[in-house]
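Chemist: If it helps, the file is called upload.cif and holds mmCIF, C-alpha atoms and all ligand atoms:
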data_model
loop_
_atom_site.label_atom_id
_atom_site.label_comp_id
_atom_site.auth_asym_id
_atom_site.auth_seq_id
_atom_site.Cartn_x
_atom_site.Cartn_y
_atom_site.Cartn_z
CA MET Z 1 -4.66 -8.61 33.92
CA LYS Z 2 -7.98 -10.46 33.79
CA TYR Z 3 -10.35 -10.66 30.81
CA PHE Z 4 -14.12 -10.65 30.62
CA ILE Z 5 -15.03 -11.41 27.03
CA GLY Z 6 -18.66 -11.45 25.92
CA ASN Z 7 -19.38 -13.59 22.88
CA TRP Z 8 -22.78 -12.60 21.53
CA LYS Z 9 -22.94 -15.37 18.91
CA MET Z 10 -25.98 -14.80 16.64
CA PHE Z 11 -27.48 -11.94 18.65
CA GLY Z 12 -27.94 -8.24 18.26
CA VAL Z 13 -29.05 -5.35 16.07
CA PRO Z 14 -27.82 -1.74 16.14
CA LYS Z 15 -30.05 -0.77 19.06
CA SER Z 16 -28.43 -3.53 21.16
CA VAL Z 17 -25.71 -0.95 21.71
CA ASN Z 18 -27.69 -0.08 24.85
CA ILE Z 19 -26.29 -3.22 26.47
CA LEU Z 20 -22.74 -2.10 25.74
CA ASN Z 21 -23.44 1.44 26.95
CA LYS Z 22 -24.47 0.08 30.33
CA ILE Z 23 -21.50 -2.26 30.57
CA ASN Z 24 -19.12 0.52 29.56
CA TYR Z 25 -20.62 2.91 32.12
CA PHE Z 26 -20.06 0.37 34.89
CA TYR Z 27 -16.57 -0.49 33.61
CA THR Z 28 -15.50 3.16 33.49
CA LYS Z 29 -16.62 3.81 37.07
CA ASP Z 30 -15.54 0.49 38.59
CA LYS Z 31 -12.75 0.86 41.14
CA ASN Z 32 -11.41 -2.51 39.96
CA GLY Z 33 -11.59 -1.42 36.32
CA LYS Z 34 -7.82 -1.30 35.89
CA LYS Z 35 -7.49 -4.97 36.77
CA TYR Z 36 -9.36 -6.29 33.75
CA LYS Z 37 -10.28 -5.80 30.10
CA VAL Z 38 -13.80 -6.06 28.69
CA ILE Z 39 -14.09 -7.25 25.12
CA ILE Z 40 -17.38 -7.87 23.31
CA THR Z 41 -17.61 -9.88 20.11
CA PRO Z 42 -20.87 -8.96 18.35
CA PRO Z 43 -21.78 -10.43 14.95
CA TYR Z 44 -19.94 -9.06 11.88
CA THR Z 45 -22.90 -6.80 11.07
CA LEU Z 46 -22.30 -4.66 14.17
CA ILE Z 47 -18.51 -4.47 14.37
CA GLU Z 48 -18.07 -1.25 12.43
CA ASN Z 49 -20.87 0.58 14.21
CA PHE Z 50 -19.84 -0.53 17.70
CA SER Z 51 -16.13 0.07 17.03
CA LYS Z 52 -16.92 3.67 16.09
CA ILE Z 53 -19.18 4.26 19.08
CA PHE Z 54 -16.61 2.87 21.51
CA LYS Z 55 -13.51 4.13 19.74
CA ASN Z 56 -12.23 6.17 22.66
CA LYS Z 57 -14.00 4.20 25.37
CA LYS Z 58 -12.77 1.36 27.54
CA ILE Z 59 -14.73 -1.51 25.99
CA LEU Z 60 -12.99 -3.24 23.10
CA ILE Z 61 -14.73 -4.80 20.13
CA GLY Z 62 -13.79 -8.07 18.48
CA ALA Z 63 -15.07 -10.52 15.89
CA GLN Z 64 -16.31 -14.05 16.52
CA ASN Z 65 -14.41 -15.61 13.67
CA CYS Z 66 -12.54 -14.76 10.49
CA PHE Z 67 -12.00 -16.50 7.18
CA GLN Z 68 -8.71 -18.27 6.55
CA LYS Z 69 -7.78 -16.52 3.33
CA ASP Z 70 -6.02 -13.23 3.53
CA ARG Z 71 -7.57 -9.97 2.41
CA TYR Z 72 -10.00 -10.78 -0.45
CA SER Z 73 -11.18 -13.98 -2.13
CA SER Z 74 -14.11 -15.32 -4.12
CA ASP Z 75 -15.66 -17.18 -1.16
CA THR Z 76 -19.27 -16.10 -0.89
CA GLY Z 77 -20.22 -14.95 2.59
CA ALA Z 78 -16.68 -14.97 3.91
CA VAL Z 79 -15.09 -12.13 5.89
CA SER Z 80 -11.32 -11.92 6.28
CA SER Z 81 -9.29 -10.64 9.21
CA TYR Z 82 -8.10 -7.79 6.97
CA MET Z 83 -11.73 -6.70 6.53
CA ILE Z 84 -12.48 -7.06 10.24
CA LYS Z 85 -9.42 -5.06 11.21
CA ASN Z 86 -10.41 -2.32 8.80
CA VAL Z 87 -13.75 -1.74 10.48
CA GLY Z 88 -12.17 -1.33 13.90
CA ALA Z 89 -12.06 -4.75 15.56
CA LYS Z 90 -9.11 -5.30 17.88
CA TYR Z 91 -9.64 -9.01 18.59
CA THR Z 92 -11.04 -12.10 16.96
CA LEU Z 93 -12.09 -15.44 18.36
CA ILE Z 94 -10.68 -18.38 16.42
CA GLY Z 95 -11.61 -22.05 16.76
CA HIS Z 96 -14.85 -21.70 18.69
CA SER Z 97 -16.44 -25.15 18.95
CA ASP Z 98 -19.41 -23.88 16.90
CA ASN Z 99 -17.02 -23.21 14.03
CA ARG Z 100 -15.04 -26.41 14.55
CA ALA Z 101 -18.37 -28.24 14.26
CA GLU Z 102 -18.94 -26.45 10.94
CA GLY Z 103 -15.66 -27.73 9.54
CA ASP Z 104 -12.81 -25.66 10.96
CA ASN Z 105 -9.97 -28.17 11.27
CA ASP Z 106 -6.42 -27.67 12.57
CA LYS Z 107 -5.09 -26.74 9.14
CA ILE Z 108 -7.74 -24.10 8.55
CA LEU Z 109 -7.35 -22.80 12.10
CA LYS Z 110 -3.62 -22.37 11.63
CA GLU Z 111 -4.28 -20.28 8.53
CA LYS Z 112 -6.83 -18.22 10.43
CA VAL Z 113 -4.40 -17.60 13.28
CA LYS Z 114 -1.65 -16.53 10.91
CA SER Z 115 -3.91 -14.25 8.93
CA ALA Z 116 -5.39 -12.61 12.04
CA LEU Z 117 -2.00 -11.96 13.62
CA LYS Z 118 -0.65 -10.66 10.33
CA ASN Z 119 -3.50 -8.18 10.23
CA ASN Z 120 -2.72 -7.01 13.76
CA LEU Z 121 -5.69 -8.58 15.47
CA LYS Z 122 -5.25 -10.16 18.86
CA ILE Z 123 -6.63 -13.68 18.86
CA VAL Z 124 -8.65 -15.64 21.38
CA PHE Z 125 -7.96 -19.23 20.42
CA CYS Z 126 -10.68 -21.59 21.69
CA ILE Z 127 -10.06 -25.20 22.63
CA GLY Z 128 -12.07 -27.84 24.45
CA GLU Z 129 -13.12 -31.46 24.57
CA ASN Z 130 -16.59 -32.89 23.97
CA LYS Z 131 -18.61 -35.03 26.34
CA LEU Z 132 -17.48 -38.35 24.96
CA GLU Z 133 -13.82 -37.36 24.98
CA LYS Z 134 -14.20 -36.29 28.60
CA LYS Z 135 -15.91 -39.56 29.49
CA LYS Z 136 -13.06 -41.49 27.89
CA LYS Z 137 -10.56 -39.38 29.85
CA LYS Z 138 -9.09 -37.99 26.62
CA THR Z 139 -9.35 -34.32 27.63
CA LEU Z 140 -5.64 -33.58 27.98
CA ILE Z 141 -4.74 -35.45 24.80
CA ILE Z 142 -7.36 -33.51 22.85
CA LEU Z 143 -6.22 -30.17 24.24
CA LYS Z 144 -2.60 -30.96 23.49
CA LYS Z 145 -3.47 -31.79 19.90
CA GLN Z 146 -5.64 -28.69 19.47
CA ILE Z 147 -2.83 -26.47 20.73
CA SER Z 148 0.22 -28.10 19.18
CA LYS Z 149 -1.27 -28.47 15.69
CA VAL Z 150 -2.07 -24.77 15.47
CA LEU Z 151 0.22 -22.73 17.71
CA ASP Z 152 3.99 -22.54 17.46
CA LYS Z 153 6.77 -20.44 18.90
CA LYS Z 154 7.11 -18.29 15.81
CA LEU Z 155 3.73 -16.67 16.50
CA ASP Z 156 3.59 -13.46 18.51
CA LYS Z 157 2.58 -14.69 21.96
CA ASN Z 158 1.75 -11.17 23.10
CA ASN Z 159 -1.25 -11.20 20.80
CA ILE Z 160 -2.56 -14.61 21.79
CA ILE Z 161 -5.12 -15.55 24.44
CA ILE Z 162 -6.34 -19.10 24.98
CA ALA Z 163 -9.92 -19.89 25.98
CA TYR Z 164 -10.60 -23.34 27.40
CA GLU Z 165 -14.24 -24.09 26.64
CA PRO Z 166 -15.32 -27.69 27.27
CA ILE Z 167 -18.05 -28.28 24.69
CA TRP Z 168 -20.28 -30.11 27.17
CA SER Z 169 -20.34 -27.00 29.31
CA ILE Z 170 -21.35 -24.50 26.63
CA GLY Z 171 -24.92 -23.34 27.14
CA THR Z 172 -25.76 -26.30 29.38
CA GLY Z 173 -25.38 -24.91 32.90
CA GLU Z 174 -22.88 -27.70 33.63
CA ILE Z 175 -19.47 -26.58 34.83
CA PRO Z 176 -16.28 -28.56 35.46
CA ASN Z 177 -15.45 -29.74 38.91
CA PRO Z 178 -12.98 -27.22 40.40
CA ARG Z 179 -10.21 -29.74 41.04
CA GLU Z 180 -10.43 -31.10 37.54
CA LEU Z 181 -10.51 -27.60 36.08
CA GLN Z 182 -7.44 -26.62 38.06
CA ARG Z 183 -5.60 -29.61 36.67
CA THR Z 184 -6.71 -28.89 33.13
CA ILE Z 185 -5.81 -25.19 33.23
CA GLY Z 186 -2.48 -26.09 34.84
CA TYR Z 187 -1.81 -28.54 32.04
CA ILE Z 188 -2.65 -25.97 29.34
CA LYS Z 189 -0.36 -23.41 30.97
CA LYS Z 190 2.49 -25.88 31.19
CA LEU Z 191 2.05 -26.80 27.55
CA LEU Z 192 2.00 -23.14 26.50
CA LYS Z 193 5.24 -22.58 28.41
CA THR Z 194 6.94 -25.35 26.50
CA ILE Z 195 5.95 -23.61 23.26
CA PHE Z 196 6.30 -19.94 24.14
CA GLY Z 197 8.64 -19.87 27.10
CA LYS Z 198 8.18 -18.18 30.44
CA LYS Z 199 5.63 -15.47 29.75
CA ALA Z 200 3.05 -17.67 28.07
CA PRO Z 201 -0.38 -16.43 26.85
CA PRO Z 202 -3.24 -16.05 29.35
CA VAL Z 203 -5.76 -18.87 29.68
CA LEU Z 204 -9.47 -18.09 30.08
CA TYR Z 205 -12.34 -20.37 30.97
CA GLY Z 206 -15.64 -20.45 29.07
CA GLY Z 207 -18.83 -22.48 29.46
CA SER Z 208 -21.96 -21.55 31.42
CA VAL Z 209 -20.20 -18.81 33.42
CA ASP Z 210 -22.74 -16.72 35.30
CA ALA Z 211 -23.00 -14.41 38.31
CA ASN Z 212 -23.85 -17.33 40.60
CA ASN Z 213 -21.01 -19.66 39.73
CA VAL Z 214 -18.22 -17.14 39.12
CA TYR Z 215 -17.24 -17.32 42.80
CA ILE Z 216 -16.25 -20.97 42.24
CA PHE Z 217 -13.92 -20.01 39.36
CA LYS Z 218 -12.58 -17.09 41.30
CA GLN Z 219 -10.91 -19.46 43.80
CA ASN Z 220 -8.64 -20.58 40.99
CA LYS Z 221 -6.12 -17.78 40.49
CA GLU Z 222 -4.65 -19.51 37.44
CA ILE Z 223 -7.75 -18.62 35.43
CA ASP Z 224 -7.00 -15.35 33.66
CA GLY Z 225 -10.60 -14.52 32.81
CA PHE Z 226 -13.76 -15.70 31.14
CA LEU Z 227 -15.36 -16.14 27.75
CA ILE Z 228 -19.03 -15.58 28.39
CA GLY Z 229 -21.83 -16.49 26.01
CA GLY Z 230 -25.46 -16.36 27.18
CA ALA Z 231 -24.85 -14.04 30.14
CA SER Z 232 -23.12 -11.43 27.95
CA LYS Z 233 -26.39 -10.60 26.19
CA SER Z 234 -27.69 -8.92 29.35
CA SER Z 235 -25.81 -5.95 30.78
CA LYS Z 236 -26.97 -6.83 34.28
CA LYS Z 237 -25.85 -10.45 34.09
CA PHE Z 238 -22.50 -9.50 32.60
CA ILE Z 239 -21.86 -6.73 35.13
CA ASP Z 240 -22.87 -9.02 37.99
CA ILE Z 241 -20.26 -11.55 36.90
CA ILE Z 242 -17.56 -8.87 37.18
CA LYS Z 243 -18.95 -7.55 40.48
CA ASN Z 244 -19.09 -11.00 42.02
CA TYR Z 245 -15.62 -11.86 40.78
CA TYR Z 246 -14.12 -8.95 42.72
CA ARG Z 247 -16.42 -9.22 45.70
P1 LIG E 301 -22.23 -19.95 27.43
O1 LIG E 301 -21.65 -18.94 28.39
O2 LIG E 301 -23.60 -19.54 26.93
O3 LIG E 301 -22.17 -21.33 27.96
O4 LIG E 301 -21.32 -19.92 26.12
C1 LIG E 301 -19.95 -20.07 26.24
C2 LIG E 301 -19.34 -19.79 24.91
O5 LIG E 301 -19.46 -20.57 23.99
C3 LIG E 301 -18.62 -18.53 24.74
O6 LIG E 301 -17.88 -18.53 23.57
#
Could you quickly redo this structure as structure tokens?
Ligand code: 13P

Modeler:
Amino acid sequence: MKYFIGNWKMFGVPKSVNILNKINYFYTKDKNGKKYKVIITPPYTLIENFSKIFKNKKILIGAQNCFQKDRYSSDTGAVSSYMIKNVGAKYTLIGHSDNRAEGDNDKILKEKVKSALKNNLKIVFCIGENKLEKKKKKTLIILKKQISKVLDKKLDKNNIIIAYEPIWSIGTGEIPNPRELQRTIGYIKKLLKTIFGKKAPPVLYGGSVDANNVYIFKQNKEIDGFLIGGASKSSKKFIDIIKNYYR
């Protein structure tokens, strides 16, 4: 199973549902539609509305983040996984580099993961090195730390997806060199196997994925799908990524 996940970030109002309608129409008719899942993570403000509209449709709705405390707390502006689950989300991203930059550390992320899984959300756990770490050839060390400090074998691996998103590639148009990416994804998969055993969680790639470069990623069968930012805000761009992947 492959995954095409669209992360809208700070984008969208109720009428943006038109984008999802078009994607869902394509997805429902696509002859390859059984080979992949489409998940869209709109902002919190749209989760309930979109979850209702697509309740019995193929597209799945997720959140972009969740707060680390369970259920309710007195943290102004915070939204827990319990609250997200109750408005219909099936997934949540955790550990996106945007949120790491805002203070999400390994300890907080571990609490987020636990709380999301406890509330029956599937998680997309994001990891990735920054430009300097890459330059210093620290990528694998960073990824190992990001994974091993947060994930452990007691967690339900069937509800975990990993997204490798090198920070220097997010929104920049720069993508990793295919050989290097193959090595990195291979390393992540090996590491996940040592934690979770044989059937380890899927590993997605994210960072400047578009309809033009998806054919490069498609050569690498180890990549289980994509976490797509900018291009997920246009139905055409998002659909073209899927079309070109299966071309
Ligand atoms: P872009 O596809 O815009 O580079 O964003 C990637 C991302 O951060 C998805 O979570």

Chemist: Show me a table, sorted first by chain and then by increasing residue number, of the residues of chain Z having an atom at most 7 Å from ligand LIG 301 (chain E), each with its shortest atom pair and the distance in Å to one decimal, counting only C-alpha atoms and all ligand atoms and written as a Markdown table.

Modeler:
| residue | atom | partner | partner_atom | distance |
| --- | --- | --- | --- | --- |
| Z:Asn7 | CA | E:LIG301 | O6 | 5.2 |
| Z:His96 | CA | E:LIG301 | O6 | 6.6 |
| Z:Glu165 | CA | E:LIG301 | O5 | 6.8 |
| Z:Ser169 | CA | E:LIG301 | O3 | 6.1 |
| Z:Ile170 | CA | E:LIG301 | O3 | 3.5 |
| Z:Gly171 | CA | E:LIG301 | O3 | 3.5 |
| Z:Thr172 | CA | E:LIG301 | O3 | 6.3 |
| Z:Gly173 | CA | E:LIG301 | O3 | 6.9 |
| Z:Gly206 | CA | E:LIG301 | C1 | 5.2 |
| Z:Gly207 | CA | E:LIG301 | O3 | 3.8 |
| Z:Ser208 | CA | E:LIG301 | O3 | 3.5 |
| Z:Val209 | CA | E:LIG301 | O1 | 5.2 |
| Z:Leu227 | CA | E:LIG301 | C3 | 5.0 |
| Z:Ile228 | CA | E:LIG301 | O1 | 4.3 |
| Z:Gly229 | CA | E:LIG301 | O1 | 3.4 |
| Z:Gly230 | CA | E:LIG301 | O2 | 3.7 |
| Z:Ala231 | CA | E:LIG301 | O1 | 6.1 |

Chemist: Which residues are close to Z:Phe226, i.e. within 10 Å by only C-alpha atoms, leaving aside same-chain residues fewer than 2 positions away? Reply as a ChimeraX atom specification.

Modeler: /Z:2-6,38,163-165,203-207,209-210,214,217,223-224,228-229,241-242

Chemist: Between Z:Leu46, Z:Leu121, Z:Leu155, Z:Met10, which has the minimum distance to Z:Asp98 (counting only C-alpha atoms)?

Modeler: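 Using only C-alpha atoms, the shortest distance to Z:Asp98 belongs to Z:Met10.
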
Chemist: Near stretch 177-188 of chain Z, counting all atoms listed in the file, which residues have an atom at most 12 Å away, once you skip same-chain residues fewer than 6 positions from it, shown as a ChimeraX atom specification?

Modeler: /Z:126-129,134,137-148,161-166,169,194-196,200-207,213-225

Chemist: Between Z:Glu48, Z:Asn86, Z:Asn65, Z:Met1, which is the closest to Z:Asn32 once you count all atoms listed in the file?

Modeler: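 Of Z:Glu48, Z:Asn86, Z:Asn65, Z:Met1, the one nearest Z:Asn32 is Z:Met1, counting all atoms listed in the file.
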
Chemist: Find, counting only C-alpha atoms, the residue in Z:Val150, Z:Leu60, Z:Ile47, Z:Ile84 that gets nearest to Z:Val113.

Modeler: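 So, comparing all the options, the nearest one is Z:Val150.
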
Chemist: Suppose you want the space between atom CA of Z:Phe26 and atom CA of Z:Lys243; what is it in Å?

Modeler: 9.8 Å

Chemist: Counting all atoms listed in the file, which residue out of Z:Lys37, Z:Lys193, Z:Lys90, Z:Lys154 sits closest to Z:Asn119?

Modeler: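 Answer, going by the shortest atom-to-atom distance: Z:Lys90.
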
Chemist: Of the candidates Z:Phe125, Z:Tyr25, Z:Phe50, Z:Trp168, which one gets nearest to Z:Val13 if we count all atoms listed in the file?

Modeler: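 Looking only at the distances to Z:Val13, the closest residue turns out to be Z:Phe50.
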
Chemist: Could you write stretch 180-201 of chain Z as a PDB file, keeping the file's coordinate frame, with N, CA, C and O atoms rebuilt where they are missing?

Modeler:
ATOM      1  N   GLU Z 180     -10.720 -30.669  38.897  1.00  0.00           N
ATOM      2  CA  GLU Z 180     -10.430 -31.100  37.540  1.00  0.00           C
ATOM      3  C   GLU Z 180     -10.042 -29.896  36.672  1.00  0.00           C
ATOM      4  O   GLU Z 180      -9.110 -29.949  35.868  1.00  0.00           O
ATOM      5  N   LEU Z 181     -10.776 -28.805  36.870  1.00  0.00           N
ATOM      6  CA  LEU Z 181     -10.510 -27.600  36.080  1.00  0.00           C
ATOM      7  C   LEU Z 181      -9.110 -27.054  36.402  1.00  0.00           C
ATOM      8  O   LEU Z 181      -8.374 -26.628  35.513  1.00  0.00           O
ATOM      9  N   GLN Z 182      -8.765 -27.097  37.658  1.00  0.00           N
ATOM     10  CA  GLN Z 182      -7.440 -26.620  38.060  1.00  0.00           C
ATOM     11  C   GLN Z 182      -6.338 -27.440  37.375  1.00  0.00           C
ATOM     12  O   GLN Z 182      -5.363 -26.893  36.866  1.00  0.00           O
ATOM     13  N   ARG Z 183      -6.581 -28.736  37.328  1.00  0.00           N
ATOM     14  CA  ARG Z 183      -5.600 -29.610  36.670  1.00  0.00           C
ATOM     15  C   ARG Z 183      -5.516 -29.318  35.168  1.00  0.00           C
ATOM     16  O   ARG Z 183      -4.434 -29.238  34.597  1.00  0.00           O
ATOM     17  N   THR Z 184      -6.677 -29.125  34.575  1.00  0.00           N
ATOM     18  CA  THR Z 184      -6.710 -28.890  33.130  1.00  0.00           C
ATOM     19  C   THR Z 184      -6.048 -27.556  32.772  1.00  0.00           C
ATOM     20  O   THR Z 184      -5.226 -27.486  31.857  1.00  0.00           O
ATOM     21  N   ILE Z 185      -6.400 -26.518  33.502  1.00  0.00           N
ATOM     22  CA  ILE Z 185      -5.810 -25.190  33.230  1.00  0.00           C
ATOM     23  C   ILE Z 185      -4.299 -25.251  33.473  1.00  0.00           C
ATOM     24  O   ILE Z 185      -3.511 -24.703  32.701  1.00  0.00           O
ATOM     25  N   GLY Z 186      -3.910 -25.933  34.534  1.00  0.00           N
ATOM     26  CA  GLY Z 186      -2.480 -26.090  34.840  1.00  0.00           C
ATOM     27  C   GLY Z 186      -1.751 -26.781  33.697  1.00  0.00           C
ATOM     28  O   GLY Z 186      -0.652 -26.380  33.299  1.00  0.00           O
ATOM     29  N   TYR Z 187      -2.398 -27.795  33.158  1.00  0.00           N
ATOM     30  CA  TYR Z 187      -1.810 -28.540  32.040  1.00  0.00           C
ATOM     31  C   TYR Z 187      -1.654 -27.635  30.814  1.00  0.00           C
ATOM     32  O   TYR Z 187      -0.606 -27.631  30.165  1.00  0.00           O
ATOM     33  N   ILE Z 188      -2.699 -26.865  30.509  1.00  0.00           N
ATOM     34  CA  ILE Z 188      -2.650 -25.970  29.340  1.00  0.00           C
ATOM     35  C   ILE Z 188      -1.514 -24.958  29.528  1.00  0.00           C
ATOM     36  O   ILE Z 188      -0.741 -24.693  28.604  1.00  0.00           O
ATOM     37  N   LYS Z 189      -1.400 -24.418  30.723  1.00  0.00           N
ATOM     38  CA  LYS Z 189      -0.360 -23.410  30.970  1.00  0.00           C
ATOM     39  C   LYS Z 189       1.047 -23.996  30.817  1.00  0.00           C
ATOM     40  O   LYS Z 189       1.943 -23.357  30.269  1.00  0.00           O
ATOM     41  N   LYS Z 190       1.192 -25.213  31.299  1.00  0.00           N
ATOM     42  CA  LYS Z 190       2.490 -25.880  31.190  1.00  0.00           C
ATOM     43  C   LYS Z 190       2.856 -26.097  29.719  1.00  0.00           C
ATOM     44  O   LYS Z 190       3.975 -25.817  29.283  1.00  0.00           O
ATOM     45  N   LEU Z 191       1.850 -26.545  28.982  1.00  0.00           N
ATOM     46  CA  LEU Z 191       2.050 -26.800  27.550  1.00  0.00           C
ATOM     47  C   LEU Z 191       2.421 -25.496  26.819  1.00  0.00           C
ATOM     48  O   LEU Z 191       3.330 -25.468  25.975  1.00  0.00           O
ATOM     49  N   LEU Z 192       1.728 -24.428  27.153  1.00  0.00           N
ATOM     50  CA  LEU Z 192       2.000 -23.140  26.500  1.00  0.00           C
ATOM     51  C   LEU Z 192       3.423 -22.667  26.818  1.00  0.00           C
ATOM     52  O   LEU Z 192       4.083 -22.066  25.983  1.00  0.00           O
ATOM     53  N   LYS Z 193       3.870 -22.966  28.036  1.00  0.00           N
ATOM     54  CA  LYS Z 193       5.240 -22.580  28.410  1.00  0.00           C
ATOM     55  C   LYS Z 193       6.274 -23.339  27.591  1.00  0.00           C
ATOM     56  O   LYS Z 193       7.321 -22.787  27.238  1.00  0.00           O
ATOM     57  N   THR Z 194       5.975 -24.596  27.298  1.00  0.00           N
ATOM     58  CA  THR Z 194       6.940 -25.350  26.500  1.00  0.00           C
ATOM     59  C   THR Z 194       7.012 -24.800  25.065  1.00  0.00           C
ATOM     60  O   THR Z 194       8.033 -24.909  24.403  1.00  0.00           O
ATOM     61  N   ILE Z 195       5.927 -24.198  24.608  1.00  0.00           N
ATOM     62  CA  ILE Z 195       5.950 -23.610  23.260  1.00  0.00           C
ATOM     63  C   ILE Z 195       6.518 -22.196  23.286  1.00  0.00           C
ATOM     64  O   ILE Z 195       7.388 -21.843  22.498  1.00  0.00           O
ATOM     65  N   PHE Z 196       6.014 -21.379  24.202  1.00  0.00           N
ATOM     66  CA  PHE Z 196       6.300 -19.940  24.140  1.00  0.00           C
ATOM     67  C   PHE Z 196       7.312 -19.446  25.177  1.00  0.00           C
ATOM     68  O   PHE Z 196       7.655 -18.272  25.177  1.00  0.00           O
ATOM     69  N   GLY Z 197       7.719 -20.328  26.072  1.00  0.00           N
ATOM     70  CA  GLY Z 197       8.640 -19.870  27.100  1.00  0.00           C
ATOM     71  C   GLY Z 197       7.908 -19.278  28.285  1.00  0.00           C
ATOM     72  O   GLY Z 197       6.697 -19.418  28.409  1.00  0.00           O
ATOM     73  N   LYS Z 198       8.690 -18.591  29.122  1.00  0.00           N
ATOM     74  CA  LYS Z 198       8.180 -18.180  30.440  1.00  0.00           C
ATOM     75  C   LYS Z 198       6.869 -17.408  30.420  1.00  0.00           C
ATOM     76  O   LYS Z 198       5.913 -17.792  31.053  1.00  0.00           O
ATOM     77  N   LYS Z 199       6.849 -16.291  29.703  1.00  0.00           N
ATOM     78  CA  LYS Z 199       5.630 -15.470  29.750  1.00  0.00           C
ATOM     79  C   LYS Z 199       4.629 -15.962  28.699  1.00  0.00           C
ATOM     80  O   LYS Z 199       4.490 -15.392  27.635  1.00  0.00           O
ATOM     81  N   ALA Z 200       3.957 -17.042  29.032  1.00  0.00           N
ATOM     82  CA  ALA Z 200       3.050 -17.670  28.070  1.00  0.00           C
ATOM     83  C   ALA Z 200       1.708 -16.918  28.040  1.00  0.00           C
ATOM     84  O   ALA Z 200       1.400 -16.179  28.959  1.00  0.00           O
ATOM     85  N   PRO Z 201       0.916 -17.122  26.965  1.00  0.00           N
ATOM     86  CA  PRO Z 201      -0.380 -16.430  26.850  1.00  0.00           C
ATOM     87  C   PRO Z 201      -1.325 -16.748  28.009  1.00  0.00           C
ATOM     88  O   PRO Z 201      -1.251 -17.836  28.598  1.00  0.00           O
TER      89      PRO Z 201
END
